[in-house]
$ cat model-v4.txt   # compact mmCIF, C-alpha atoms and all ligand atoms
# COMPACT_ATOMS: atom_id res chain seq x y z
CA MET R 27 8.95 -16.44 -20.52
CA SER R 28 9.16 -15.14 -24.10
CA HIS R 29 7.58 -11.74 -24.82
CA SER R 30 7.20 -11.68 -28.60
CA PHE R 31 6.22 -8.00 -28.54
CA ILE R 32 9.64 -7.00 -27.19
CA ASN R 33 11.81 -6.54 -30.21
CA GLY R 34 14.61 -4.52 -31.78
CA SER R 35 18.33 -4.87 -32.26
CA THR R 36 19.38 -1.54 -30.71
CA ALA R 37 18.91 -0.22 -27.18
CA ARG R 38 16.68 2.52 -28.60
CA ASP R 39 14.34 0.10 -30.41
CA ILE R 40 14.13 -2.34 -27.50
CA HIS R 41 13.43 0.54 -25.13
CA GLN R 42 10.67 1.83 -27.39
CA SER R 43 8.97 -1.53 -27.85
CA MET R 44 8.97 -2.11 -24.08
CA ARG R 45 7.79 1.39 -23.29
CA GLN R 46 4.88 0.92 -25.68
CA ALA R 47 4.01 -2.43 -24.06
CA ILE R 48 4.01 -0.81 -20.60
CA ARG R 49 1.84 2.06 -21.82
CA ASP R 50 -0.77 -0.16 -23.45
CA GLY R 51 -0.91 -2.62 -20.56
CA ARG R 52 0.80 -5.66 -22.14
CA LEU R 53 3.43 -5.28 -19.43
CA PRO R 54 1.28 -4.27 -16.44
CA ALA R 55 2.51 -2.73 -13.19
CA GLY R 56 4.21 -5.36 -11.02
CA THR R 57 5.53 -7.42 -13.97
CA VAL R 58 9.09 -8.63 -13.48
CA LEU R 59 11.05 -7.94 -16.69
CA PRO R 60 13.01 -10.81 -18.24
CA ALA R 61 16.59 -11.13 -16.97
CA ILE R 62 18.97 -9.11 -19.15
CA ARG R 63 20.86 -12.24 -20.11
CA ASP R 64 17.69 -14.07 -21.24
CA LEU R 65 16.34 -11.17 -23.26
CA ALA R 66 19.73 -10.63 -24.90
CA THR R 67 19.71 -14.30 -25.97
CA GLN R 68 16.13 -14.06 -27.22
CA LEU R 69 16.88 -10.94 -29.30
CA HIS R 70 20.37 -12.03 -30.40
CA VAL R 71 21.97 -8.86 -29.06
CA ASN R 72 24.70 -8.02 -26.59
CA ARG R 73 23.71 -7.90 -22.90
CA ASN R 74 24.88 -4.29 -22.72
CA THR R 75 22.31 -3.37 -25.36
CA VAL R 76 19.47 -4.76 -23.24
CA GLY R 77 21.05 -3.21 -20.12
CA GLU R 78 21.00 0.19 -21.81
CA ALA R 79 17.31 -0.26 -22.78
CA TYR R 80 16.47 -1.08 -19.15
CA LYS R 81 18.39 1.99 -17.99
CA ARG R 82 16.32 4.16 -20.31
CA LEU R 83 13.09 2.64 -19.00
CA ALA R 84 14.25 3.37 -15.45
CA ALA R 85 15.04 6.95 -16.44
CA ASP R 86 11.48 7.23 -17.84
CA GLY R 87 10.25 6.06 -14.45
CA TYR R 88 8.45 3.04 -15.89
CA VAL R 89 10.56 0.40 -14.15
CA ARG R 90 12.63 0.15 -10.98
CA PRO R 91 15.37 -2.29 -10.08
CA LYS R 92 14.26 -4.29 -7.02
CA GLY R 93 17.47 -6.07 -6.01
CA ARG R 94 17.28 -9.81 -6.32
CA ARG R 95 13.67 -9.65 -7.49
CA GLY R 96 14.88 -8.17 -10.78
CA THR R 97 13.52 -5.14 -12.62
CA ILE R 98 9.85 -4.41 -12.04
CA VAL R 99 7.31 -2.38 -13.97
CA THR R 100 6.23 0.33 -11.55
CA SER R 101 3.31 1.87 -13.27
CA ALA R 102 1.64 1.87 -16.62
CA ALA R 103 0.29 5.18 -17.87
CA THR R 104 -2.96 3.51 -18.78
CA THR R 105 -6.45 3.33 -17.40
CA MET R 106 -9.30 1.24 -18.63
CA LEU R 107 -10.80 4.35 -20.19
CA PRO R 108 -9.47 5.09 -23.67
CA SER R 109 -9.98 8.81 -23.17
CA LEU R 110 -12.12 10.95 -20.91
CA SER R 111 -13.94 12.41 -23.90
CA ALA R 112 -15.03 8.86 -24.76
CA ILE R 113 -17.28 8.61 -21.68
CA PRO R 114 -20.70 8.02 -23.28
CA ALA R 115 -23.62 10.31 -22.53
CA GLY R 116 -25.69 8.90 -19.70
CA MET R 117 -22.67 7.59 -17.76
CA ARG R 118 -22.20 9.27 -14.42
CA ASN R 119 -18.79 10.90 -14.60
CA LEU R 120 -16.60 10.73 -11.49
CA ALA R 121 -13.56 10.39 -13.70
CA ASP R 122 -12.56 13.69 -15.21
CA GLY R 123 -11.68 15.95 -12.27
CA ASN R 124 -13.64 18.92 -13.58
CA PRO R 125 -15.04 21.66 -11.37
CA ASP R 126 -18.81 22.17 -11.33
CA PRO R 127 -19.70 24.70 -14.09
CA HIS R 128 -22.48 26.03 -11.80
CA LEU R 129 -19.87 27.02 -9.24
CA LEU R 130 -17.68 28.95 -11.69
CA PRO R 131 -18.03 32.72 -12.18
CA HIS R 132 -20.45 33.93 -14.87
CA LEU R 133 -18.38 34.65 -17.94
CA ARG R 134 -20.64 37.04 -19.83
CA LYS R 135 -20.35 39.88 -17.37
CA ILE R 136 -16.58 39.53 -17.20
CA LEU R 137 -16.01 39.12 -20.93
CA THR R 138 -17.97 42.20 -21.93
CA SER R 139 -15.72 44.35 -19.78
CA VAL R 140 -12.48 42.62 -20.58
CA THR R 141 -10.21 44.54 -22.86
CA GLU R 142 -10.33 47.87 -24.57
CA ARG R 143 -7.78 47.13 -27.27
CA ALA R 144 -6.32 44.02 -28.89
CA GLY R 145 -2.66 43.46 -28.07
CA LEU R 146 0.04 43.45 -30.74
CA TYR R 147 3.39 41.76 -31.26
CA GLY R 148 6.26 43.32 -29.40
CA GLU R 149 4.22 44.50 -26.42
CA TYR R 150 4.70 43.39 -22.84
CA ALA R 151 4.09 39.67 -22.18
CA ASP R 152 2.37 39.93 -18.82
CA LEU R 153 -0.46 42.36 -18.21
CA PRO R 154 1.06 44.93 -15.82
CA ALA R 155 -2.17 45.25 -13.80
CA LEU R 156 -2.39 41.48 -13.34
CA VAL R 157 1.25 41.31 -12.24
CA GLN R 158 0.42 44.05 -9.72
CA SER R 159 -2.81 42.54 -8.42
CA ALA R 160 -1.99 38.82 -8.33
CA PRO R 161 0.31 39.00 -5.27
CA SER R 162 -2.41 40.46 -3.07
CA PHE R 163 -4.97 37.93 -4.37
CA PHE R 164 -2.67 35.06 -3.39
CA ARG R 165 -1.23 36.75 -0.30
CA ARG R 166 -4.56 36.09 1.35
CA GLN R 167 -3.80 32.41 0.70
CA GLY R 168 -0.34 32.67 2.22
CA ILE R 169 1.92 33.17 -0.82
CA SER R 170 3.94 36.28 -0.11
CA SER R 171 5.99 37.33 -3.09
CA GLU R 172 6.00 40.25 -5.49
CA GLN R 173 7.93 38.44 -8.22
CA VAL R 174 5.45 37.16 -10.76
CA MET R 175 5.13 35.89 -14.30
CA ILE R 176 2.15 34.46 -16.15
CA ALA R 177 2.14 30.96 -17.66
CA GLY R 178 -0.58 29.09 -19.49
CA GLY R 179 -1.54 26.97 -16.45
CA THR R 180 0.13 24.56 -14.05
CA MET R 181 1.11 22.06 -16.71
CA ASP R 182 2.54 24.75 -18.97
CA GLY R 183 4.49 26.28 -16.08
CA LEU R 184 5.74 22.90 -14.92
CA GLU R 185 6.97 21.99 -18.37
CA ARG R 186 8.82 25.30 -18.64
CA ILE R 187 10.43 24.95 -15.23
CA ILE R 188 11.52 21.36 -15.79
CA THR R 189 12.92 22.11 -19.22
CA LEU R 190 14.81 25.10 -17.88
CA CYS R 191 16.14 23.67 -14.63
CA LEU R 192 16.47 19.91 -15.11
CA ARG R 193 18.13 17.63 -17.67
CA PRO R 194 16.90 14.27 -18.99
CA GLY R 195 18.03 11.62 -16.52
CA ASP R 196 17.58 13.95 -13.52
CA ARG R 197 15.23 12.94 -10.72
CA ILE R 198 12.31 14.69 -9.12
CA GLY R 199 10.53 13.75 -5.90
CA VAL R 200 6.75 13.53 -6.27
CA GLU R 201 3.86 12.50 -4.04
CA ASP R 202 2.91 8.88 -4.59
CA PRO R 203 0.09 8.60 -5.57
CA GLY R 204 0.34 11.89 -7.46
CA PHE R 205 -1.19 14.06 -10.17
CA ALA R 206 -1.28 11.74 -13.22
CA SER R 207 -0.80 14.51 -15.81
CA ALA R 208 2.27 15.82 -13.99
CA LEU R 209 3.72 12.31 -13.70
CA GLU R 210 3.21 11.70 -17.40
CA LEU R 211 4.78 15.03 -18.30
CA ILE R 212 7.76 14.39 -16.04
CA ARG R 213 8.35 11.02 -17.67
CA ALA R 214 7.84 12.40 -21.18
CA LEU R 215 10.62 14.94 -20.47
CA GLY R 216 12.99 12.11 -19.54
CA ILE R 217 12.97 12.94 -15.82
CA GLN R 218 12.65 10.11 -13.31
CA PRO R 219 9.91 10.54 -10.71
CA VAL R 220 10.98 9.37 -7.23
CA PRO R 221 8.08 8.46 -4.91
CA ILE R 222 7.39 10.35 -1.68
CA GLN R 223 4.76 8.86 0.61
CA LEU R 224 1.90 10.92 1.90
CA ASP R 225 -0.86 10.72 4.48
CA SER R 226 -3.96 12.86 4.89
CA CYS R 227 -1.70 15.84 5.80
CA GLY R 228 0.27 15.58 2.57
CA MET R 229 3.88 14.69 1.93
CA MET R 230 5.46 12.89 4.91
CA PRO R 231 8.61 14.56 6.23
CA ASP R 232 10.58 11.30 6.71
CA SER R 233 9.80 10.09 3.23
CA LEU R 234 10.69 13.52 1.79
CA GLU R 235 13.99 13.41 3.63
CA ARG R 236 14.80 9.93 2.29
CA CYS R 237 14.06 11.15 -1.21
CA LEU R 238 16.24 14.26 -0.79
CA ARG R 239 19.04 12.21 0.70
CA ALA R 240 18.90 9.94 -2.35
CA GLY R 241 19.92 12.98 -4.40
CA VAL R 242 16.94 14.30 -6.38
CA GLU R 243 17.34 17.62 -8.22
CA ALA R 244 13.80 18.85 -7.52
CA VAL R 245 10.60 18.09 -5.60
CA LEU R 246 7.04 18.82 -6.64
CA ILE R 247 4.81 19.59 -3.66
CA THR R 248 1.03 19.98 -3.54
CA PRO R 249 0.34 21.53 -0.13
CA ILE R 250 -3.45 21.71 -0.54
CA ALA R 251 -6.04 19.43 -2.20
CA GLN R 252 -3.47 16.98 -3.46
CA ASN R 253 -4.59 15.06 -6.52
CA PRO R 254 -5.71 12.23 -6.31
CA THR R 255 -6.03 11.99 -2.50
CA GLY R 256 -7.22 15.44 -1.39
CA ALA R 257 -4.46 15.43 1.25
CA SER R 258 -3.87 18.92 2.67
CA MET R 259 -1.13 20.15 4.94
CA THR R 260 -1.76 21.42 8.42
CA LEU R 261 0.34 24.38 9.59
CA GLU R 262 2.44 21.96 11.58
CA ARG R 263 3.09 19.62 8.62
CA ALA R 264 4.01 22.57 6.40
CA GLN R 265 6.47 23.67 9.08
CA ARG R 266 8.11 20.26 9.17
CA ILE R 267 8.35 20.07 5.37
CA ARG R 268 10.02 23.51 5.35
CA TYR R 269 12.47 22.33 7.98
CA VAL R 270 13.46 19.26 5.92
CA LEU R 271 13.79 21.33 2.73
CA ARG R 272 16.11 23.79 4.48
CA LYS R 273 18.65 20.99 4.91
CA TYR R 274 18.80 20.58 1.11
CA PRO R 275 19.13 24.15 -0.19
CA ASP R 276 20.23 23.09 -3.69
CA VAL R 277 17.06 21.19 -4.45
CA LEU R 278 14.44 23.08 -6.45
CA ALA R 279 11.09 23.09 -4.60
CA ILE R 280 8.14 23.48 -6.98
CA GLU R 281 4.79 24.17 -5.33
CA ASP R 282 1.59 23.27 -7.12
CA ASP R 283 -1.15 25.50 -5.71
CA HIS R 284 -4.37 25.00 -7.65
CA PHE R 285 -6.87 25.20 -4.79
CA SER R 286 -5.79 27.54 -2.00
CA PRO R 287 -8.41 30.26 -2.72
CA LEU R 288 -11.00 27.56 -1.93
CA ALA R 289 -9.24 26.36 1.23
CA THR R 290 -9.62 27.59 4.78
CA THR R 291 -5.97 27.17 5.81
CA ALA R 292 -3.49 29.72 4.45
CA LEU R 293 -0.03 28.20 4.23
CA ALA R 294 3.16 30.18 3.90
CA PRO R 295 5.50 29.10 1.05
CA MET R 296 7.68 26.01 1.50
CA ARG R 297 10.83 28.09 1.02
CA ASP R 298 11.58 31.79 1.24
CA PRO R 299 10.21 33.34 -2.00
CA ARG R 300 13.59 35.04 -2.56
CA ASP R 301 15.27 31.64 -2.62
CA PRO R 302 16.52 30.79 -6.15
CA ASN R 303 15.35 27.22 -5.55
CA TRP R 304 11.68 27.98 -4.94
CA VAL R 305 8.86 28.47 -7.39
CA ALA R 306 5.06 28.28 -7.00
CA LEU R 307 2.51 27.64 -9.73
CA CYS R 308 -0.89 29.08 -8.85
CA SER R 309 -3.43 27.98 -11.43
CA VAL R 310 -6.92 29.45 -11.54
CA SER R 311 -8.43 26.48 -13.46
CA LYS R 312 -10.32 24.97 -10.57
CA TYR R 313 -12.17 28.10 -9.43
CA PHE R 314 -12.32 30.38 -12.51
CA GLY R 315 -12.65 27.40 -14.90
CA PRO R 316 -10.26 25.33 -17.05
CA ASP R 317 -11.05 27.52 -20.06
CA LEU R 318 -9.74 30.59 -18.24
CA ARG R 319 -6.65 28.61 -17.38
CA LEU R 320 -3.52 30.51 -16.57
CA ALA R 321 -1.06 30.18 -13.74
CA VAL R 322 0.52 32.98 -11.79
CA VAL R 323 4.11 31.85 -11.28
CA PHE R 324 5.88 33.17 -8.18
CA GLY R 325 9.60 32.80 -7.84
CA GLU R 326 12.94 34.44 -7.45
CA GLN R 327 13.66 37.25 -9.90
CA ASN R 328 16.43 35.60 -11.93
CA LEU R 329 14.59 32.33 -12.26
CA LEU R 330 11.51 34.16 -13.53
CA LYS R 331 13.60 36.19 -15.97
CA ARG R 332 14.99 32.98 -17.44
CA LEU R 333 11.50 31.50 -17.67
CA GLU R 334 10.20 34.62 -19.39
CA ALA R 335 13.09 34.63 -21.85
CA ARG R 336 12.31 31.04 -22.78
CA GLN R 337 8.58 31.77 -23.06
CA ARG R 338 9.34 34.56 -25.54
CA LEU R 339 10.85 31.98 -27.91
CA GLY R 340 7.80 29.72 -27.92
CA ALA R 341 4.29 30.65 -26.82
CA ARG R 342 5.49 34.32 -26.50
CA TRP R 343 2.74 35.34 -24.08
CA VAL R 344 -0.54 34.20 -22.58
CA SER R 345 -3.41 35.95 -24.38
CA HIS R 346 -4.02 39.41 -22.93
CA VAL R 347 -7.76 38.85 -23.32
CA LEU R 348 -7.46 35.91 -20.97
CA GLN R 349 -5.14 37.75 -18.58
CA SER R 350 -7.55 40.63 -18.53
CA ALA R 351 -10.52 38.33 -17.73
CA VAL R 352 -8.63 36.74 -14.85
CA LEU R 353 -7.65 40.17 -13.56
CA LYS R 354 -11.29 41.31 -13.60
CA LEU R 355 -12.28 38.23 -11.63
CA MET R 356 -9.51 38.76 -9.09
CA LEU R 357 -10.68 42.33 -8.54
CA ASP R 358 -14.44 41.71 -8.74
CA PRO R 359 -16.00 41.91 -5.23
CA ALA R 360 -18.49 39.16 -6.29
CA THR R 361 -15.62 36.70 -6.66
CA LYS R 362 -15.30 36.38 -2.90
CA THR R 363 -18.88 35.10 -2.69
CA THR R 364 -18.39 32.78 -5.68
CA LEU R 365 -15.29 31.25 -4.10
CA LYS R 366 -17.01 30.82 -0.74
CA ARG R 367 -19.98 29.12 -2.34
CA ALA R 368 -17.75 26.75 -4.34
CA ALA R 369 -15.63 25.93 -1.29
CA ARG R 370 -18.74 25.14 0.77
CA SER R 371 -20.35 23.00 -1.95
CA TYR R 372 -17.21 20.94 -2.62
CA ALA R 373 -16.72 20.41 1.12
CA GLU R 374 -20.35 19.20 1.46
CA ARG R 375 -20.01 16.86 -1.51
CA ARG R 376 -16.76 15.51 -0.15
CA THR R 377 -18.29 14.92 3.27
CA ALA R 378 -21.27 13.12 1.72
CA MET R 379 -19.03 10.87 -0.38
CA LYS R 380 -16.77 10.13 2.60
CA ALA R 381 -19.79 9.09 4.67
CA ALA R 382 -20.99 6.86 1.82
CA LEU R 383 -17.59 5.20 1.47
CA GLU R 384 -17.38 4.74 5.21
CA SER R 385 -20.75 2.98 5.17
CA CYS R 386 -19.22 0.58 2.62
CA GLY R 387 -16.28 -0.11 4.95
CA TYR R 388 -13.82 2.27 3.25
CA PRO R 389 -13.17 5.16 5.64
CA ILE R 390 -11.18 8.07 4.18
CA SER R 391 -9.52 10.49 6.56
CA GLY R 392 -9.26 14.24 6.08
CA GLY R 393 -8.79 15.89 2.76
CA VAL R 394 -9.86 18.95 0.80
CA GLY R 395 -10.99 19.41 -2.79
CA ILE R 396 -12.77 17.41 -5.39
CA ASN R 397 -10.75 14.19 -5.50
CA LEU R 398 -10.86 11.14 -3.24
CA TRP R 399 -8.59 8.13 -3.44
CA VAL R 400 -9.94 4.75 -2.43
CA GLN R 401 -7.58 1.83 -2.05
CA VAL R 402 -9.31 -1.28 -3.30
CA PRO R 403 -7.71 -4.68 -3.83
CA ASP R 404 -8.25 -4.76 -7.57
CA PRO R 405 -8.75 -1.21 -8.93
CA GLN R 406 -8.89 -2.29 -12.55
CA ARG R 407 -11.72 -4.73 -11.85
CA VAL R 408 -13.60 -2.33 -9.62
CA THR R 409 -13.34 0.32 -12.35
CA GLN R 410 -14.69 -2.11 -14.90
CA ILE R 411 -17.59 -3.22 -12.73
CA LEU R 412 -18.52 0.37 -11.91
CA TRP R 413 -18.37 1.16 -15.62
CA THR R 414 -20.88 -1.58 -16.40
CA GLU R 415 -23.12 -0.07 -13.69
CA GLY R 416 -22.96 3.33 -15.37
CA TRP R 417 -20.20 4.98 -13.31
CA ALA R 418 -16.95 6.23 -14.81
CA VAL R 419 -14.07 6.47 -12.30
CA ARG R 420 -10.30 6.58 -12.84
CA SER R 421 -8.33 3.45 -12.13
CA GLY R 422 -5.17 4.32 -10.32
CA ALA R 423 -2.12 2.99 -12.19
CA ALA R 424 -1.53 6.34 -13.88
CA PHE R 425 -1.30 8.05 -10.45
CA THR R 426 1.16 5.71 -8.75
CA ILE R 427 4.84 4.86 -8.75
CA ASP R 428 5.29 2.47 -5.83
CA ALA R 429 2.09 3.14 -3.89
CA ARG R 430 -0.68 0.57 -3.77
CA SER R 431 -3.08 1.37 -6.52
CA GLY R 432 -6.62 2.57 -5.98
CA ILE R 433 -9.43 4.36 -7.75
CA ARG R 434 -9.90 8.12 -7.94
CA LEU R 435 -13.34 9.57 -7.46
CA SER R 436 -13.85 13.16 -8.57
CA ILE R 437 -16.86 14.60 -6.84
CA GLY R 438 -16.85 18.09 -8.34
CA ARG R 439 -20.24 17.62 -9.98
CA ILE R 440 -21.83 14.92 -7.83
CA THR R 441 -25.28 15.41 -6.25
CA THR R 442 -26.62 14.01 -2.98
CA SER R 443 -28.79 11.44 -4.76
CA ASP R 444 -25.78 10.44 -6.91
CA VAL R 445 -23.81 9.74 -3.75
CA ALA R 446 -26.42 7.34 -2.39
CA GLU R 447 -26.63 5.50 -5.73
CA PHE R 448 -22.88 5.37 -6.06
CA ALA R 449 -22.57 3.86 -2.59
CA GLU R 450 -24.93 1.09 -3.63
CA ALA R 451 -22.90 0.30 -6.77
CA PHE R 452 -19.62 0.54 -4.92
CA ARG R 453 -20.76 -1.71 -2.07
CA GLY R 454 -21.04 -4.59 -4.56
CA CYS R 455 -17.50 -3.98 -5.85
CA ALA R 456 -16.03 -3.61 -2.39
CA THR R 457 -17.27 -7.10 -1.46
CA ILE R 458 -15.84 -8.57 -4.64
CA GLY R 459 -12.53 -6.87 -3.86
CA GLN R 460 -12.40 -8.31 -0.36
CA ARG R 461 -13.14 -11.79 -1.65
CA SER R 462 -10.32 -11.60 -4.17
CA LEU R 463 -7.96 -10.36 -1.43
CA THR R 464 -8.61 -13.34 0.78
CA ALA R 465 -8.90 -15.90 -2.06
C1 LIG R 501 -2.86 18.88 -8.68
C2 LIG R 501 -3.30 19.79 -9.77
N1 LIG R 501 -2.57 20.87 -10.06
C3 LIG R 501 -2.95 21.73 -11.01
C4 LIG R 501 -4.09 21.54 -11.74
C5 LIG R 501 -4.46 22.54 -12.79
O1 LIG R 501 -3.69 22.37 -13.94
P1 LIG R 501 -3.82 23.42 -15.13
O2 LIG R 501 -3.54 24.77 -14.61
O3 LIG R 501 -2.78 22.99 -16.14
O4 LIG R 501 -5.22 23.31 -15.64
C6 LIG R 501 -4.88 20.44 -11.50
C7 LIG R 501 -6.08 20.19 -12.28
O5 LIG R 501 -6.65 19.14 -12.28
C8 LIG R 501 -4.49 19.54 -10.48
O6 LIG R 501 -5.21 18.47 -10.16
$ encode --input "model-v4.txt" --output "structure tokens" --more "lines below"
Ligand SMILES: Cc1ncc(COP(=O)(O)O)c(C=O)c1O
Amino acid sequence: MSHSFINGSTARDIHQSMRQAIRDGRLPAGTVLPAIRDLATQLHVNRNTVGEAYKRLAADGYVRPKGRRGTIVTSAATTMLPSLSAIPAGMRNLADGNPDPHLLPHLRKILTSVTERAGLYGEYADLPALVQSAPSFFRRQGISSEQVMIAGGTMDGLERIITLCLRPGDRIGVEDPGFASALELIRALGIQPVPIQLDSCGMMPDSLERCLRAGVEAVLITPIAQNPTGASMTLERAQRIRYVLRKYPDVLAIEDDHFSPLATTALAPMRDPRDPNWVALCSVSKYFGPDLRLAVVFGEQNLLKRLEARQRLGARWVSHVLQSAVLKLMLDPATKTTLKRAARSYAERRTAMKAALESCGYPISGGVGINLWVQVPDPQRVTQILWTEGWAVRSGAAFTIDARSGIRLSIGRITTSDVAEFAEAFRGCATIGQRSLTA
């Protein structure tokens, strides 16, 4: 089959034209790429040139060699929605993963008492009082470490850690399906994501072990409220994951903790916090609000020093006004009530949506947080049909590497009457999906 949109005479150009085609959906997930020999003939280039382009695509994580079946597109970083901001007014939005603004702390009270004096160049990067208070705020959630630095959020911290500790071409184990933004960032940095399967208790120990045995340099673990599934570790699962990690002491374990203050289970870290190969990113976006986004980064002293040194060259520091607001919220006695209320509301909304999905024949087990993952036979089509019915959801290709695709429903802002209406719309799609499965 000739793909006229694949072009170029160098490995770089061929790689770029194919990467673009994967991103915009012309080469969708599951497509078998042309044989190297055939493409080389079509483009009038040496086979090694095409081979090199394929290697680069594999390093990006966009394709995987599948033995005799050839090279297969694993996942396209596309959804049917051009951008979340393009969701028209009036659409019901289960797509954007936002928390409910009504469940966030009131800003006015905090902001009026935030900072006495504007910071200047050359001062400390991290607010000393925040560095002092953050460990006890998170200790209640199970993170026990005194070594702290402040980053601009999970994604900022993740980018810094990857850039510091990994090299393009390295591999990182990630949950599959996983957090789409993290997957995209990982690929953009030239790191290859390696899939780790999960169930409702999070990453599965056997799958983690296979991934570690295959020789990854790092793993990214979301112990609680995994995105997009909501999977959350039990104490026993966390114990088993720790046990597997101990057998691979050289692998960097990065924990993504964006929800534990809203969770009932407190999990100890996946490695000893003094271990040079452990770091945890604790973002406050989901419970203080994305606009107060910062992440408290816990890790071993030397690793944090290197991260801080690198931060000084770029962003320099996270605004002290912001750090001061987050500190006030951590210390404010009212925050406890706010967090409890949010946790209860999200749990109720999740339970209502699970019951609705179950009534449509799609039971979902377990889970915490504001995201649910529903495996449907044709996610793209279901997404489109729901869109025409006034519901925006995320189609799953951007979340997956090898896993069967699905749709992600974010229920952060859903109401009880929304749930009933959504179930009605979804029931129609579910039937269509089943028909196409058996056709
Ligand atoms: C899994 C996961 N981690 C972290 C975050 C928060 O990221 P950030 O701190 O960059 O806002 C989110 C937000 O959606 C998330 O889903």
$ closest_atom_pairs --input "model-v4.txt" --of "chain R" --to "ligand LIG 501 (chain R)" --cutoff "7 Å" --atoms "all atoms listed in the file" --output "JSON lines"
{"residue": "R:Gly123", "atom": "CA", "partner": "R:LIG501", "partner_atom": "O5", "distance": 6.0}
{"residue": "R:Gly179", "atom": "CA", "partner": "R:LIG501", "partner_atom": "O2", "distance": 3.5}
{"residue": "R:Thr180", "atom": "CA", "partner": "R:LIG501", "partner_atom": "O2", "distance": 3.7}
{"residue": "R:Met181", "atom": "CA", "partner": "R:LIG501", "partner_atom": "O3", "distance": 4.0}
{"residue": "R:Asp182", "atom": "CA", "partner": "R:LIG501", "partner_atom": "O3", "distance": 6.3}
{"residue": "R:Phe205", "atom": "CA", "partner": "R:LIG501", "partner_atom": "C1", "distance": 5.3}
{"residue": "R:Thr248", "atom": "CA", "partner": "R:LIG501", "partner_atom": "C1", "distance": 6.5}
{"residue": "R:Gln252", "atom": "CA", "partner": "R:LIG501", "partner_atom": "C1", "distance": 5.6}
{"residue": "R:Asn253", "atom": "CA", "partner": "R:LIG501", "partner_atom": "C1", "distance": 4.7}
{"residue": "R:Asp282", "atom": "CA", "partner": "R:LIG501", "partner_atom": "N1", "distance": 5.6}
{"residue": "R:Asp283", "atom": "CA", "partner": "R:LIG501", "partner_atom": "N1", "distance": 6.5}
{"residue": "R:His284", "atom": "CA", "partner": "R:LIG501", "partner_atom": "C3", "distance": 4.9}
{"residue": "R:Ser309", "atom": "CA", "partner": "R:LIG501", "partner_atom": "O2", "distance": 4.5}
{"residue": "R:Val310", "atom": "CA", "partner": "R:LIG501", "partner_atom": "O2", "distance": 6.5}
{"residue": "R:Ser311", "atom": "CA", "partner": "R:LIG501", "partner_atom": "O4", "distance": 5.0}
{"residue": "R:Lys312", "atom": "CA", "partner": "R:LIG501", "partner_atom": "C7", "distance": 6.6}
{"residue": "R:Pro316", "atom": "CA", "partner": "R:LIG501", "partner_atom": "O4", "distance": 5.6}
{"residue": "R:Arg319", "atom": "CA", "partner": "R:LIG501", "partner_atom": "O2", "distance": 5.7}
{"residue": "R:Leu320", "atom": "CA", "partner": "R:LIG501", "partner_atom": "O2", "distance": 6.1}
{"residue": "R:Ala321", "atom": "CA", "partner": "R:LIG501", "partner_atom": "O2", "distance": 6.0}
$ residues_around --input "model-v4.txt" --residues "Leu293 of chain R" --least-positions-apart "5" --cutoff "12 Å" --atoms "only C-alpha atoms" --output "JSON, numbers by chain"
{"R": [164, 165, 166, 167, 168, 169, 170, 248, 249, 250, 258, 259, 260, 261, 262, 263, 264, 265, 267, 268, 281, 283, 285, 286, 287]}
$ atom_distance --input "model-v4.txt" --atom1 "atom CA of Arg49 of chain R" --atom2 "atom CA of Gly395 of chain R"
28.8 Å
$ atom_distance --input "model-v4.txt" --atom1 "atom CA of Asp276 of chain R" --atom2 "atom CA of Arg297 of chain R"
11.6 Å
$ residues_around --input "model-v4.txt" --residues "Thr441 of chain R" --least-positions-apart "2" --cutoff "12 Å" --atoms "all atoms listed in the file" --output "PDB file with C-alpha atoms, in the coordinates of the input"
ATOM      1  CA  ARG R 118     -22.200   9.270 -14.420  1.00  0.00           C
ATOM      2  CA  ASN R 119     -18.790  10.900 -14.600  1.00  0.00           C
ATOM      3  CA  LEU R 120     -16.600  10.730 -11.490  1.00  0.00           C
ATOM      4  CA  ASP R 126     -18.810  22.170 -11.330  1.00  0.00           C
ATOM      5  CA  SER R 371     -20.350  23.000  -1.950  1.00  0.00           C
ATOM      6  CA  TYR R 372     -17.210  20.940  -2.620  1.00  0.00           C
ATOM      7  CA  GLU R 374     -20.350  19.200   1.460  1.00  0.00           C
ATOM      8  CA  ARG R 375     -20.010  16.860  -1.510  1.00  0.00           C
ATOM      9  CA  ARG R 376     -16.760  15.510  -0.150  1.00  0.00           C
ATOM     10  CA  THR R 377     -18.290  14.920   3.270  1.00  0.00           C
ATOM     11  CA  ALA R 378     -21.270  13.120   1.720  1.00  0.00           C
ATOM     12  CA  MET R 379     -19.030  10.870  -0.380  1.00  0.00           C
ATOM     13  CA  SER R 436     -13.850  13.160  -8.570  1.00  0.00           C
ATOM     14  CA  ILE R 437     -16.860  14.600  -6.840  1.00  0.00           C
ATOM     15  CA  GLY R 438     -16.850  18.090  -8.340  1.00  0.00           C
ATOM     16  CA  ARG R 439     -20.240  17.620  -9.980  1.00  0.00           C
ATOM     17  CA  SER R 443     -28.790  11.440  -4.760  1.00  0.00           C
ATOM     18  CA  ASP R 444     -25.780  10.440  -6.910  1.00  0.00           C
ATOM     19  CA  VAL R 445     -23.810   9.740  -3.750  1.00  0.00           C
ATOM     20  CA  ALA R 446     -26.420   7.340  -2.390  1.00  0.00           C
ATOM     21  CA  GLU R 447     -26.630   5.500  -5.730  1.00  0.00           C
ATOM     22  CA  PHE R 448     -22.880   5.370  -6.060  1.00  0.00           C
TER      23      PHE R 448
END
$ atom_distance --input "model-v4.txt" --atom1 "atom CA of Ala381 of chain R" --atom2 "atom CA of Ala289 of chain R"
20.5 Å
